[in-house]
Amino acid sequence: MKYLVTGGGGLIGSFLLPAIKANGDEVVDFDVRLGHDVMSEVHIEYVLRIEKPDVVIHLAAQSGVETSRDNAFHSLNLNVVGTMNVLEACRIRGIKNVVVASSNHVYGDQKEWPVTEDAPMNQLDTYSASKICADVLTRAYAHNYDLNAVAVRLTNTFGPGDMHEDHIIPGTIQSILRGEAPVIRSEGQIRKSYLYGTDAADAFITIAQHCEELKGQAVNVVGCNPIASLNLVESILALTHSDLRPVILGEPNDQNHENMSAAKMAALGWKPRVGLYEGIEKTYTWFRKQVTQEVAV
């Protein structure tokens with residue numbers, strides 16, 4: 001099987017590309033760092049015509065909640081128009097199997113838990129609004145143009161290589177390595193799930209292998225049981241044997257509890273293999289090696 005992955009240079013892509021190759025499949029890295037551009041439907045169509053992939057996995061996006069809020073037009077343009085460009089190019093070139101990264105953030109506040117894929121998408125921050133649009137577009141292309149298009153509502157992915165300090169796990173680890181108290185902007189009680197990068201990659205491959213079966217659907221991909229951000233930070237401090245204590249700012253934000261149903265992926269035989277604390281240890285070890293290398297240089 002031949003894959004084309006947009007945004008292959010991002011966090012999930014850094015795990016997905018090697019995983020595809022490890023399965024003995026071929027992968028085309030369609031990434032801005034290589035001169036590719038999801039904002040050009042003509043360019044995407046040209047690459048699809050040359051490469052003729054069996055499946056396209058669309059990861060390219062502006063992924064930060066705060067960054068999206070601060071740069072609304074760019075984020076909406078990239079996440080919405082960029083997704084439509086990929087879907088349209090696939091329609092024109094006859095690439096039926098398309099997997100699009102949506103987000104756990106689309107759900108927002110809910111009345112019933114765990115949240116199944118038919119729950120309303122209530123979140124209204126800029127990033128979530130862009131992902132809701134991309135999610136609906138994906139399913140609309142399946143409905144209107146017979147694409148085997150699937151929207152993947154992935155929980156919070158983490159692992160080595162995630163340099164976003166506004167992400168709680170790498171941000172906390174980097175603070176610890178600098179000897180600084182980790183900062184929790186909220187009150188620390190929002191509970192969310194976290195998924196290690198190799199499991200995220202495996203989930204995308206599993207979904208890609210079942211595109212026809214999942215056509216026109218959204219699919220939740222769930223990691224560990226939900227954990228409060230304060231408890232998560234305290235666990236990282238304990239695992240790294242740090243005496244630092246978190247600083248809780250208690251700022252209001254648009255975050256909501258997350259508890260997504262994992263039933264659809266379980267029915268495909270998929271479940272995460274790397275536990276939360278094992279993943280944290282792997283991530284901490286990676287960041288510590290980076291610091292050691294920087295000091296050596």
# chains A, B, ... in the order shown; residues from 1 in each chain; ligands from 1
>>> residues_around(residues="A:Ala149", least_positions_apart="3", cutoff="8 Å", atoms="only C-alpha atoms", output="count of residues only")
14
>>> closest_atom_pairs(of="stretch 152-201 of chain A", to="stretch 14-33 of chain A", cutoff="7 Å", atoms="only C-alpha atoms", output="Markdown table")
| residue | atom | partner | partner_atom | distance |
| --- | --- | --- | --- | --- |
| A:Gly197 | CA | A:Phe15 | CA | 5.9 |
| A:Thr198 | CA | A:Phe15 | CA | 5.7 |
| A:Ala201 | CA | A:Leu16 | CA | 4.5 |
>>> residues_around(residues="stretch 269-284 of chain A", least_positions_apart="6", cutoff="7 Å", atoms="only C-alpha atoms", output="number ranges by chain")
A: 159-160, 173, 194, 196, 199, 223-224
>>> atom_distance(atom1="atom CA of A:Ala151", atom2="atom CA of A:Asn122")
16.5 Å
>>> select_by_dssp(residues="stretch 51-236 of chain A", states="alpha helix (DSSP H)", output="count of residues only")
79
>>> select_by_dssp(residues="stretch 139-216 of chain A", states="strand (DSSP E or B)", output="PyMOL selection string")
chain A and resi 148-154+156-158+183-184+191-192+194-196
>>> closest_residue(among="A:Gly8, A:Ser229, A:Ala119, A:Phe158", to="A:Ile57", atoms="only C-alpha atoms")
A:Gly8
